[in-house]
>>> print(open('run28.tsv').read())   # TSV, C-alpha atoms
chain	number	residue	atom	x	y	z
A	502	TRP	CA	-12.35	-3.19	3.80
A	503	SER	CA	-12.60	-6.92	4.24
A	504	LYS	CA	-9.84	-9.38	4.95
A	505	PRO	CA	-8.89	-11.21	1.73
A	506	SER	CA	-9.42	-14.96	1.91
A	507	THR	CA	-5.95	-15.44	0.42
A	508	PRO	CA	-3.08	-12.99	1.17
A	509	LEU	CA	-2.79	-10.24	-1.44
A	510	LEU	CA	0.94	-10.76	-1.84
A	511	HIS	CA	0.17	-14.34	-2.85
A	512	THR	CA	-2.54	-13.47	-5.37
A	513	LYS	CA	-1.61	-10.05	-6.83
A	514	SER	CA	-4.97	-8.65	-5.65
A	515	GLY	CA	-7.08	-11.23	-7.43
A	516	GLU	CA	-5.29	-10.92	-10.75
A	517	THR	CA	-4.50	-14.62	-10.74
A	518	CYS	CA	-7.59	-15.76	-8.82
A	519	PRO	CA	-11.07	-14.87	-10.11
A	520	LYS	CA	-12.53	-16.17	-6.84
A	521	LEU	CA	-11.41	-12.93	-5.18
A	522	ALA	CA	-13.27	-10.71	-7.65
A	523	GLY	CA	-16.31	-10.44	-5.39
A	524	GLU	CA	-14.35	-9.57	-2.27
A	525	LYS	CA	-14.32	-5.90	-1.33
A	526	ILE	CA	-10.58	-5.48	-1.04
A	527	PRO	CA	-9.30	-1.93	-1.68
A	528	VAL	CA	-6.15	-2.33	-3.72
A	529	LEU	CA	-4.71	0.32	-6.01
A	530	ASP	CA	-2.94	-1.41	-8.90
A	531	ILE	CA	-0.24	1.02	-10.06
A	532	PRO	CA	0.52	0.74	-13.82
A	533	GLU	CA	3.84	-0.97	-14.48
A	534	ASP	CA	5.16	2.01	-16.46
A	535	ALA	CA	4.19	4.60	-13.83
A	536	GLU	CA	7.14	6.52	-12.39
A	537	THR	CA	5.52	9.09	-10.12
A	538	VAL	CA	2.13	8.64	-8.45
A	539	GLU	CA	0.08	11.48	-6.98
A	540	ILE	CA	-2.65	10.83	-4.41
A	541	VAL	CA	-5.14	13.38	-3.12
A	542	LEU	CA	-6.27	12.72	0.45
A	543	ASN	CA	-9.58	14.34	1.41
A	544	ASN	CA	-10.27	14.01	5.12
A	545	LEU	CA	-14.06	14.24	5.36
A	546	SER	CA	-14.22	13.66	9.08
A	547	PRO	CA	-14.08	15.64	12.34
A	548	THR	CA	-10.77	14.05	13.40
A	549	ALA	CA	-7.23	14.19	12.10
A	550	HIS	CA	-5.68	11.05	10.64
A	551	ASN	CA	-2.04	9.97	10.72
A	552	ILE	CA	-1.52	8.40	7.29
A	553	HIS	CA	1.31	5.86	6.98
A	554	MET	CA	2.79	4.20	3.89
A	555	HIS	CA	4.77	0.95	4.03
A	556	GLY	CA	7.76	0.22	1.83
A	557	MET	CA	8.31	3.70	0.40
A	558	LEU	CA	8.62	7.36	1.31
A	559	PHE	CA	6.28	10.00	-0.10
A	560	GLN	CA	6.51	13.76	-0.50
A	561	VAL	CA	3.85	16.10	0.82
A	562	ILE	CA	3.51	18.60	-2.04
A	563	ASN	CA	0.38	20.45	-0.90
A	564	VAL	CA	-1.70	20.77	2.22
A	565	ALA	CA	-4.81	22.69	3.25
A	566	ASN	CA	-4.25	25.43	5.80
A	567	PHE	CA	-7.71	26.75	6.51
A	568	GLN	CA	-7.91	29.64	8.93
A	569	TRP	CA	-11.02	28.09	10.44
A	570	CYS	CA	-9.57	24.58	10.80
A	571	ASN	CA	-5.90	23.73	11.20
A	572	VAL	CA	-3.43	22.26	13.66
A	573	ASN	CA	-3.91	25.22	16.01
A	574	LYS	CA	-7.66	25.67	15.52
A	575	THR	CA	-9.41	22.49	16.49
A	576	ALA	CA	-12.82	23.97	17.27
A	577	CYS	CA	-13.93	22.68	13.87
A	578	PHE	CA	-13.99	19.21	15.43
A	579	LEU	CA	-17.55	19.83	16.63
A	580	MET	CA	-18.52	22.39	14.01
A	581	PRO	CA	-22.04	21.59	12.75
A	582	GLU	CA	-22.56	21.31	9.03
A	583	PHE	CA	-24.82	24.38	8.83
A	584	LEU	CA	-21.81	26.51	9.90
A	585	ASN	CA	-19.63	25.02	7.15
A	586	PRO	CA	-17.41	27.92	5.93
A	587	CYS	CA	-16.12	25.89	2.96
A	588	PRO	CA	-17.12	27.12	-0.54
A	589	ALA	CA	-20.20	25.24	-1.72
A	590	GLU	CA	-18.41	23.66	-4.70
A	591	ASP	CA	-15.75	22.14	-2.42
A	592	ARG	CA	-18.02	20.67	0.27
A	593	ALA	CA	-18.39	16.92	0.52
A	594	TYR	CA	-19.64	14.27	2.93
A	595	ALA	CA	-17.91	11.05	3.88
A	596	ASP	CA	-21.23	9.25	3.42
A	597	THR	CA	-23.50	10.76	0.81
A	598	ASN	CA	-26.37	8.63	2.15
A	599	HIS	CA	-26.12	9.99	5.69
A	600	THR	CA	-29.39	10.58	7.46
A	601	GLY	CA	-28.27	12.83	10.29
A	602	GLY	CA	-27.06	12.27	13.82
A	603	LEU	CA	-23.35	11.57	14.21
A	604	GLU	CA	-23.04	10.97	10.48
A	605	ALA	CA	-23.76	14.66	9.94
A	606	LEU	CA	-20.39	15.45	11.56
A	607	TYR	CA	-18.53	13.69	8.74
A	608	TRP	CA	-18.02	16.45	6.21
A	609	GLY	CA	-15.04	18.36	4.92
A	610	CYS	CA	-13.57	20.80	2.43
A	611	THR	CA	-12.09	18.93	-0.53
A	612	TYR	CA	-9.07	19.63	-2.70
A	613	ASN	CA	-9.92	21.76	-5.73
A	614	GLU	CA	-7.14	21.44	-8.30
A	615	LYS	CA	-8.11	24.62	-10.18
A	616	LYS	CA	-7.84	26.74	-7.03
A	617	ASP	CA	-5.37	24.84	-4.87
A	618	LYS	CA	-2.66	23.67	-7.26
A	619	LYS	CA	-0.99	27.07	-7.10
A	620	THR	CA	0.09	26.42	-3.51
A	621	GLN	CA	1.88	23.12	-4.18
A	622	ASN	CA	5.55	22.89	-3.22
A	623	LEU	CA	7.67	20.88	-5.64
A	624	GLN	CA	10.99	22.42	-4.63
A	625	THR	CA	11.26	21.55	-0.92
A	626	PRO	CA	8.40	19.18	-0.01
A	627	LEU	CA	8.35	17.18	3.21
A	628	ARG	CA	9.63	13.63	2.69
A	629	LYS	CA	7.81	11.28	5.02
A	630	ASP	CA	6.40	7.80	5.59
A	631	SER	CA	3.74	9.18	7.97
A	632	PHE	CA	1.84	12.44	7.85
A	633	GLN	CA	-1.16	13.87	9.69
A	634	VAL	CA	-4.06	15.06	7.55
A	635	TRP	CA	-6.01	17.58	9.59
A	636	GLN	CA	-9.73	17.26	10.16
A	637	ARG	CA	-12.08	18.46	7.41
A	638	SER	CA	-9.15	19.23	5.12
A	639	TRP	CA	-6.88	17.68	2.48
A	640	ALA	CA	-3.31	16.92	1.51
A	641	VAL	CA	-1.61	15.92	-1.75
A	642	ILE	CA	1.28	13.47	-1.77
A	643	ARG	CA	3.57	12.05	-4.44
A	644	PHE	CA	5.85	9.03	-4.43
A	645	LYS	CA	8.14	7.14	-6.77
A	646	ALA	CA	6.56	3.81	-7.70
A	647	ASN	CA	9.89	1.98	-7.85
A	648	VAL	CA	9.76	-0.52	-4.96
A	649	PRO	CA	8.07	-3.78	-6.07
A	650	GLY	CA	5.61	-5.17	-3.57
A	651	VAL	CA	2.09	-5.01	-2.15
A	652	TRP	CA	2.40	-2.22	0.42
A	653	GLN	CA	-0.09	-1.20	3.09
A	654	PHE	CA	-1.33	2.41	3.12
A	655	HIS	CA	-3.42	3.18	6.19
A	656	CYS	CA	-4.26	5.38	9.12
A	657	HIS	CA	-1.80	4.72	11.92
A	658	MET	CA	-4.45	5.28	14.58
A	659	GLU	CA	-5.20	1.62	15.19
A	660	GLN	CA	-8.78	2.22	16.26
A	661	HIS	CA	-9.53	3.56	12.77
A	662	ILE	CA	-8.36	0.46	10.88
A	663	PRO	CA	-11.46	-1.61	11.77
A	664	LEU	CA	-13.47	1.29	10.33
A	665	GLY	CA	-11.89	0.65	6.95
A	666	MET	CA	-9.05	3.16	6.83
A	667	ILE	CA	-6.60	0.73	5.23
A	668	MET	CA	-5.74	-0.22	1.66
A	669	ALA	CA	-2.83	-1.60	-0.34
A	670	LEU	CA	-0.66	-0.35	-3.19
A	671	ASN	CA	0.34	-2.99	-5.73
A	672	ILE	CA	3.68	-1.79	-7.18
A	673	LYS	CA	5.40	-3.39	-10.19
A	674	PRO	CA	3.89	-6.90	-9.98
A	675	SER	CA	6.20	-8.23	-12.71
A	676	GLN	CA	9.25	-7.43	-10.56
A	677	GLN	CA	7.98	-8.78	-7.27
A	678	PRO	CA	10.06	-11.74	-6.06
A	679	LYS	CA	8.44	-15.14	-6.07
A	680	ILE	CA	6.90	-16.33	-2.82
A	681	PRO	CA	9.27	-18.77	-1.07
A	682	GLU	CA	7.81	-22.25	-1.00
A	683	ASP	CA	8.15	-22.54	2.78
A	684	VAL	CA	5.85	-19.52	3.34
A	685	PRO	CA	2.36	-20.79	4.29
A	686	THR	CA	-0.75	-19.50	2.57
A	687	GLU	CA	-4.49	-19.88	3.04
A	688	GLY	CA	-7.78	-19.62	1.21
A	689	PRO	CA	-8.95	-20.84	-2.19
A	690	CYS	CA	-6.34	-19.20	-4.41
A	691	PRO	CA	-3.02	-20.58	-5.61
A	692	VAL	CA	0.17	-18.62	-4.99
A	693	TRP	CA	0.76	-16.49	-8.08
A	694	SER	CA	4.40	-17.48	-8.54
A	695	ASP	CA	3.37	-21.16	-8.75
A	696	ASN	CA	1.41	-20.30	-11.89
A	697	THR	CA	4.31	-18.58	-13.60
A	698	THR	CA	6.67	-21.54	-13.57
A	699	ALA	CA	6.71	-24.78	-15.50
A	700	VAL	CA	6.78	-26.86	-12.33
A	701	SER	CA	4.68	-27.03	-9.19
A	702	ARG	CA	6.09	-26.60	-5.69
A	703	ALA	CA	6.03	-30.36	-5.22
A	704	ASP	CA	7.92	-30.79	-8.50
A	705	ALA	CA	10.39	-28.11	-7.43
A	706	ARG	CA	11.07	-29.93	-4.17
A	707	GLY	CA	11.56	-33.19	-6.09
A	708	LEU	CA	14.04	-31.53	-8.44
A	709	ALA	CA	15.93	-30.03	-5.51
A	710	GLU	CA	16.22	-33.46	-3.89
A	711	ALA	CA	17.36	-34.98	-7.20
A	712	PHE	CA	20.03	-32.30	-7.62
A	713	ALA	CA	21.22	-32.88	-4.07
A	714	LYS	CA	21.57	-36.61	-4.71
A	715	LEU	CA	23.36	-35.91	-7.98
A	716	GLU	CA	25.81	-33.64	-6.19
A	717	GLU	CA	26.45	-36.38	-3.60
A	718	GLU	CA	27.18	-38.83	-6.42
A	719	ASN	CA	29.48	-36.35	-8.12
A	720	GLN	CA	31.36	-35.82	-4.88
A	721	ARG	CA	31.71	-39.61	-4.43
A	722	LEU	CA	33.15	-39.92	-7.94
A	723	ARG	CA	35.56	-37.04	-7.32
A	724	ASP	CA	36.78	-38.73	-4.14
A	725	GLU	CA	37.29	-42.05	-5.97
A	726	LEU	CA	39.17	-40.31	-8.76
A	727	LYS	CA	41.42	-38.55	-6.27
A	728	GLU	CA	42.11	-41.85	-4.50
A	729	ALA	CA	42.90	-43.58	-7.81
A	730	GLN	CA	45.31	-40.79	-8.81
A	731	GLY	CA	47.10	-41.13	-5.48
A	732	LYS	CA	47.63	-44.86	-6.06
A	733	CYS	CA	48.99	-44.25	-9.56
A	734	GLU	CA	51.50	-41.70	-8.27
A	735	ALA	CA	52.64	-44.11	-5.60
>>> encode(input="run28.tsv", output="structure tokens")
Amino acid sequence: WSKPSTPLLHTKSGETCPKLAGEKIPVLDIPEDAETVEIVLNNLSPTAHNIHMHGMLFQVINVANFQWCNVNKTACFLMPEFLNPCPAEDRAYADTNHTGGLEALYWGCTYNEKKDKKTQNLQTPLRKDSFQVWQRSWAVIRFKANVPGVWQFHCHMEQHIPLGMIMALNIKPSQQPKIPEDVPTEGPCPVWSDNTTAVSRADARGLAEAFAKLEEENQRLRDELKEAQGKCEA
């Protein structure tokens, strides 16, 4: 993760600003016609993570419940990789280029759709905005992609955010409201909603001032007409 030079909500994740193309900003652009989105979360680390989604609620439809590593069996926190009880085809490392040391602790047992889909719960899933994914395990969530916006999706353990455990979900860009002109921005990119109108922000302000003056003139004429009608009736 790296901080975007211009806010994502202002740029639609680089869609309207090629200058952001080289920035390593993890944004998942959800297709406009998508209704339900499923995300598989593989926790390839020795610690649990409290995953939080902004703007929407999600449903937890499947979760690993390993007998050797779960909410009540935390000894797997320090379990060395050579004792890994996970089937070989499901093992994975957080960093495939690890060279040993502490990095060797970052492994886990990944979701295997062929074997694990049978345990999913579509009838009575948990409905949450935060959920803890246990160490060395996985969870599967689903959500309705029906709330326009650029929403954060991150670990709610603040010390993990600087490590990169944060991303954004770009939902229905065409339906996102335009950025108010009094909201400040930064960086090299223009605000996306400025590029979708026939006038610039400066032009818009000029038109607003012109309309206000026109309304003042109309009110003056209405007052004069009312005064003239009163004299005629007298």
>>> closest_residue(input="run28.tsv", among="A:Glu590, A:Asp530, A:Glu524, A:Arg637", to="Lys615 of chain A", atoms="only C-alpha atoms")
A:Glu590
>>> closest_residue(input="run28.tsv", among="A:Val651, A:Ile672, A:Ala593, A:Leu722", to="Pro508 of chain A", atoms="only C-alpha atoms")
A:Val651
>>> atom_distance(input="run28.tsv", atom1="atom CA of Phe632 of chain A", atom2="atom CA of His657 of chain A")
9.5 Å
>>> atom_distance(input="run28.tsv", atom1="atom CA of Ile680 of chain A", atom2="atom CA of Trp652 of chain A")
15.2 Å
>>> atom_distance(input="run28.tsv", atom1="atom CA of Phe567 of chain A", atom2="atom CA of Gln636 of chain A")
10.4 Å
>>> closest_residue(input="run28.tsv", among="A:Lys513, A:Ser506, A:Trp639, A:Lys679", to="Leu529 of chain A", atoms="all atoms listed in the file")
A:Lys513
>>> closest_residue(input="run28.tsv", among="A:Met557, A:Ala576, A:Cys656, A:Ile526", to="Leu542 of chain A", atoms="only C-alpha atoms")
A:Cys656
>>> axis_aligned_box(input="run28.tsv", around="segment 617-627 of chain A", padding_each_side="3 Å", output="JSON")
{"center_x": 2.9, "center_y": 22.1, "center_z": -2.0, "size_x": 22.6, "size_y": 15.9, "size_z": 16.5}
>>> residues_near_point(input="run28.tsv", point="(-2.4, 14.9, -4.9)", cutoff="6 Å", atoms="all atoms listed in the file", output="ChimeraX atom specification")
/A:539-541,641-642
>>> residues_around(input="run28.tsv", residues="Lys673 of chain A", least_positions_apart="6", cutoff="9 Å", atoms="only C-alpha atoms", output="MDAnalysis selection string")
chainID A and resid 530:535 646:651
>>> write_last_selection(input="run28.tsv", atoms="C-alpha atoms", output="short mmCIF file (atom, residue, chain, number, x, y, z; two decimals), in the frame of the given file")
data_model
loop_
_atom_site.label_atom_id
_atom_site.label_comp_id
_atom_site.auth_asym_id
_atom_site.auth_seq_id
_atom_site.Cartn_x
_atom_site.Cartn_y
_atom_site.Cartn_z
CA ASP A 530 -2.94 -1.41 -8.90
CA ILE A 531 -0.24 1.02 -10.06
CA PRO A 532 0.52 0.74 -13.82
CA GLU A 533 3.84 -0.97 -14.48
CA ASP A 534 5.16 2.01 -16.46
CA ALA A 535 4.19 4.60 -13.83
CA ALA A 646 6.56 3.81 -7.70
CA ASN A 647 9.89 1.98 -7.85
CA VAL A 648 9.76 -0.52 -4.96
CA PRO A 649 8.07 -3.78 -6.07
CA GLY A 650 5.61 -5.17 -3.57
CA VAL A 651 2.09 -5.01 -2.15
#
>>> residues_near_point(input="run28.tsv", point="(-7.9, -20.2, 3.9)", cutoff="8 Å", atoms="all atoms listed in the file", output="ChimeraX atom specification")
/A:506-507,686-689
